[in-house]
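*Asks:* Provided herewith is a single structure, encoded as structure tokens, for subsequent inquiry.
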Amino acid sequence: MIRQMCNYDMERVLDIWLRASIQAHAFISEQFWRAQLGNMRTLYLPAATSYVFERDGGVAGFYSLYGDALAALFVDPDRQGAGIGSLLLADAKNHRSGLELAVYSANHAARRFYERHGFIAVDERPDEHTGHPETLLRWQA
């Protein structure tokens, strides 16, 4: 089931975000991700509209929309490969007629995932926080 994120989901969502970020971005230090936890908790998640995927009484993934940006989509690393990310992305598309997002260019798996779901790369730029190149992708209904 996909539902809007509630305050009581925060710790689980942060745990998923941290573990998935560390796993997917080996080219960025784990310490960077740990240092971003506070901003995720107090700045980024509260500013966005977030939805969680819940199964068997637990949150297994989430996504966040900020305007027409897909600001986050993360699945618990222990639950990846089961279609949860695709379900979350389909739900996000149901809320917008167009979406854009940025992924680190070195995160080839994420880029392939979004391209399989109709996103097109439109630009590449350095990430303002890490300096690593990121690819901007867009989708239109």
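So you can find residues: chains in the structure tokens are A, B, ... in the order shown, residues in each start at 1, and ligands are numbered from 1 in order.
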Would you pick out the contacts of Tyr51 (chain A) at 6 Å or less, using only C-alpha atoms, so that residues sharing its chain but fewer than 2 positions from it are not included, and give the list as a PDB file with N, CA and C atoms, in the first residue's frame?

*Replies:*
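The resulting file, result-v9.pdb, is shown below:
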```pdb
ATOM      1  N   ARG A   3       0.856   5.243   0.773  1.00  0.00           N
ATOM      2  CA  ARG A   3       0.088   6.254   1.503  1.00  0.00           C
ATOM      3  C   ARG A   3       0.987   7.440   1.793  1.00  0.00           C
ATOM      4  N   GLN A   4       0.353   8.551   2.152  1.00  0.00           N
ATOM      5  CA  GLN A   4       1.132   9.742   2.493  1.00  0.00           C
ATOM      6  C   GLN A   4       1.937   9.475   3.771  1.00  0.00           C
ATOM      7  N   MET A   5       3.135   9.974   3.793  1.00  0.00           N
ATOM      8  CA  MET A   5       4.010   9.810   4.947  1.00  0.00           C
ATOM      9  C   MET A   5       3.436  10.544   6.158  1.00  0.00           C
ATOM     10  N   PHE A  62      10.048   4.920  -0.077  1.00  0.00           N
ATOM     11  CA  PHE A  62       9.331   6.196  -0.083  1.00  0.00           C
ATOM     12  C   PHE A  62       9.757   7.021  -1.280  1.00  0.00           C
ATOM     13  N   TYR A  63       8.938   8.014  -1.577  1.00  0.00           N
ATOM     14  CA  TYR A  63       9.334   9.038  -2.538  1.00  0.00           C
ATOM     15  C   TYR A  63       8.840  10.381  -2.039  1.00  0.00           C
TER      16      TYR A  63
END
```

*Asks:* Might you pull out every residue within 10 Å of Leu99 (chain A), with only C-alpha atoms counted and same-chain residues fewer than 5 positions away left off, and present them as a PyMOL selection string?

*Replies:* chain A and resi 65-71+92-93+119+137-141

*Asks:* Please dump the current selection as a PDB file, in the first residue's frame; keep N, CA and C atoms.

*Replies:*
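And here is the file that came out, result.pdb:
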```pdb
ATOM      1  N   LEU A  65       7.954  14.466  -3.420  1.00  0.00           N
ATOM      2  CA  LEU A  65       7.734  15.428  -4.495  1.00  0.00           C
ATOM      3  C   LEU A  65       7.918  16.831  -3.935  1.00  0.00           C
ATOM      4  N   TYR A  66       8.616  17.658  -4.689  1.00  0.00           N
ATOM      5  CA  TYR A  66       8.775  19.064  -4.351  1.00  0.00           C
ATOM      6  C   TYR A  66       8.444  19.828  -5.619  1.00  0.00           C
ATOM      7  N   GLY A  67       7.224  20.340  -5.701  1.00  0.00           N
ATOM      8  CA  GLY A  67       6.764  20.906  -6.963  1.00  0.00           C
ATOM      9  C   GLY A  67       6.680  19.795  -7.988  1.00  0.00           C
ATOM     10  N   ASP A  68       7.288  20.006  -9.150  1.00  0.00           N
ATOM     11  CA  ASP A  68       7.320  18.972 -10.186  1.00  0.00           C
ATOM     12  C   ASP A  68       8.616  18.176 -10.167  1.00  0.00           C
ATOM     13  N   ALA A  69       9.344  18.280  -9.079  1.00  0.00           N
ATOM     14  CA  ALA A  69      10.590  17.523  -8.947  1.00  0.00           C
ATOM     15  C   ALA A  69      10.353  16.270  -8.119  1.00  0.00           C
ATOM     16  N   LEU A  70      10.859  15.153  -8.605  1.00  0.00           N
ATOM     17  CA  LEU A  70      10.918  13.941  -7.799  1.00  0.00           C
ATOM     18  C   LEU A  70      12.199  14.081  -6.992  1.00  0.00           C
ATOM     19  N   ALA A  71      12.044  14.586  -5.780  1.00  0.00           N
ATOM     20  CA  ALA A  71      13.196  14.944  -4.959  1.00  0.00           C
ATOM     21  C   ALA A  71      13.868  13.726  -4.343  1.00  0.00           C
ATOM     22  N   ALA A  92       4.006   8.293  -8.146  1.00  0.00           N
ATOM     23  CA  ALA A  92       4.458   9.685  -8.297  1.00  0.00           C
ATOM     24  C   ALA A  92       3.962  10.263  -9.616  1.00  0.00           C
ATOM     25  N   LYS A  93       4.021   9.477 -10.678  1.00  0.00           N
ATOM     26  CA  LYS A  93       3.549   9.941 -11.984  1.00  0.00           C
ATOM     27  C   LYS A  93       2.056  10.232 -11.966  1.00  0.00           C
ATOM     28  N   PHE A 119      11.921   8.349 -18.553  1.00  0.00           N
ATOM     29  CA  PHE A 119      12.658   9.601 -18.332  1.00  0.00           C
ATOM     30  C   PHE A 119      13.750   9.742 -19.380  1.00  0.00           C
ATOM     31  N   LEU A 137      17.069  14.456 -15.495  1.00  0.00           N
ATOM     32  CA  LEU A 137      16.168  13.659 -16.320  1.00  0.00           C
ATOM     33  C   LEU A 137      14.760  14.224 -16.215  1.00  0.00           C
ATOM     34  N   ARG A 138      14.000  14.100 -17.317  1.00  0.00           N
ATOM     35  CA  ARG A 138      12.620  14.597 -17.340  1.00  0.00           C
ATOM     36  C   ARG A 138      11.689  13.531 -17.902  1.00  0.00           C
ATOM     37  N   TRP A 139      10.455  13.584 -17.425  1.00  0.00           N
ATOM     38  CA  TRP A 139       9.376  12.729 -17.919  1.00  0.00           C
ATOM     39  C   TRP A 139       8.143  13.589 -18.124  1.00  0.00           C
ATOM     40  N   GLN A 140       7.426  13.356 -19.235  1.00  0.00           N
ATOM     41  CA  GLN A 140       6.149  14.018 -19.516  1.00  0.00           C
ATOM     42  C   GLN A 140       5.111  12.933 -19.776  1.00  0.00           C
ATOM     43  N   ALA A 141       3.920  13.152 -19.244  1.00  0.00           N
ATOM     44  CA  ALA A 141       2.828  12.199 -19.465  1.00  0.00           C
ATOM     45  C   ALA A 141       2.455  12.148 -20.933  1.00  0.00           C
TER      46      ALA A 141
END
```

*Asks:* Mind listing the strand (DSSP E or B) residues of region 16-126 of chain A, per DSSP on the backbone, as number ranges by chain?

*Replies:* A: 49-55, 58-66, 69-75, 98-104, 120-126

*Asks:* Taking C-alpha atoms for each residue, export the selection above as an mmCIF file, in the first residue's frame.

*Replies:*
```cif
data_model
loop_
_atom_site.group_PDB
_atom_site.id
_atom_site.type_symbol
_atom_site.label_atom_id
_atom_site.label_comp_id
_atom_site.auth_asym_id
_atom_site.auth_seq_id
_atom_site.Cartn_x
_atom_site.Cartn_y
_atom_site.Cartn_z
ATOM 1 C CA THR A 49 5.152 15.893 0.042
ATOM 2 C CA SER A 50 6.234 12.336 0.729
ATOM 3 C CA TYR A 51 4.599 8.959 0.280
ATOM 4 C CA VAL A 52 5.611 5.599 1.728
ATOM 5 C CA PHE A 53 5.224 2.042 0.508
ATOM 6 C CA GLU A 54 3.997 -0.082 3.379
ATOM 7 C CA ARG A 55 3.839 -3.873 3.390
ATOM 8 C CA GLY A 58 6.435 -1.809 7.782
ATOM 9 C CA VAL A 59 7.684 0.931 5.478
ATOM 10 C CA ALA A 60 9.822 -0.504 2.672
ATOM 11 C CA GLY A 61 10.367 2.612 0.553
ATOM 12 C CA PHE A 62 9.331 6.196 -0.083
ATOM 13 C CA TYR A 63 9.334 9.038 -2.538
ATOM 14 C CA SER A 64 9.140 12.814 -2.146
ATOM 15 C CA LEU A 65 7.734 15.428 -4.495
ATOM 16 C CA TYR A 66 8.775 19.064 -4.351
ATOM 17 C CA ALA A 69 10.590 17.523 -8.947
ATOM 18 C CA LEU A 70 10.918 13.941 -7.799
ATOM 19 C CA ALA A 71 13.196 14.944 -4.959
ATOM 20 C CA ALA A 72 13.695 11.421 -3.599
ATOM 21 C CA LEU A 73 12.835 7.807 -4.335
ATOM 22 C CA PHE A 74 14.437 5.214 -2.099
ATOM 23 C CA VAL A 75 13.747 1.564 -1.340
ATOM 24 C CA GLY A 98 5.569 15.885 -15.733
ATOM 25 C CA LEU A 99 8.504 15.221 -13.416
ATOM 26 C CA GLU A 100 12.166 16.055 -13.315
ATOM 27 C CA LEU A 101 14.926 14.680 -11.155
ATOM 28 C CA ALA A 102 18.666 14.579 -10.827
ATOM 29 C CA VAL A 103 20.766 11.466 -10.246
ATOM 30 C CA TYR A 104 24.489 11.203 -9.843
ATOM 31 C CA ILE A 120 15.022 11.294 -20.769
ATOM 32 C CA ALA A 121 18.400 12.801 -19.892
ATOM 33 C CA VAL A 122 18.382 16.516 -20.689
ATOM 34 C CA ASP A 123 21.481 17.937 -18.990
ATOM 35 C CA GLU A 124 24.499 17.193 -16.835
ATOM 36 C CA ARG A 125 25.863 19.500 -14.144
ATOM 37 C CA PRO A 126 27.952 19.318 -10.976
#
```

*Asks:* Could you check the closest approach to Arg12 (chain A) for each of A:Arg34, A:Asp76, A:Asn94, A:Asn39 and tell me which residue wins, using only C-alpha atoms?

*Replies:*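 Counting only C-alpha atoms, the residue closest to Arg12 (chain A) is A:Asp76.
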
*Asks:* So that I can check the secondary structure, give me every residue of chain A assigned alpha helix (DSSP H) by backbone DSSP, as a ChimeraX atom specification.

*Replies:* /A:10-24,30-35,37-39,45-47,84-95,108-116
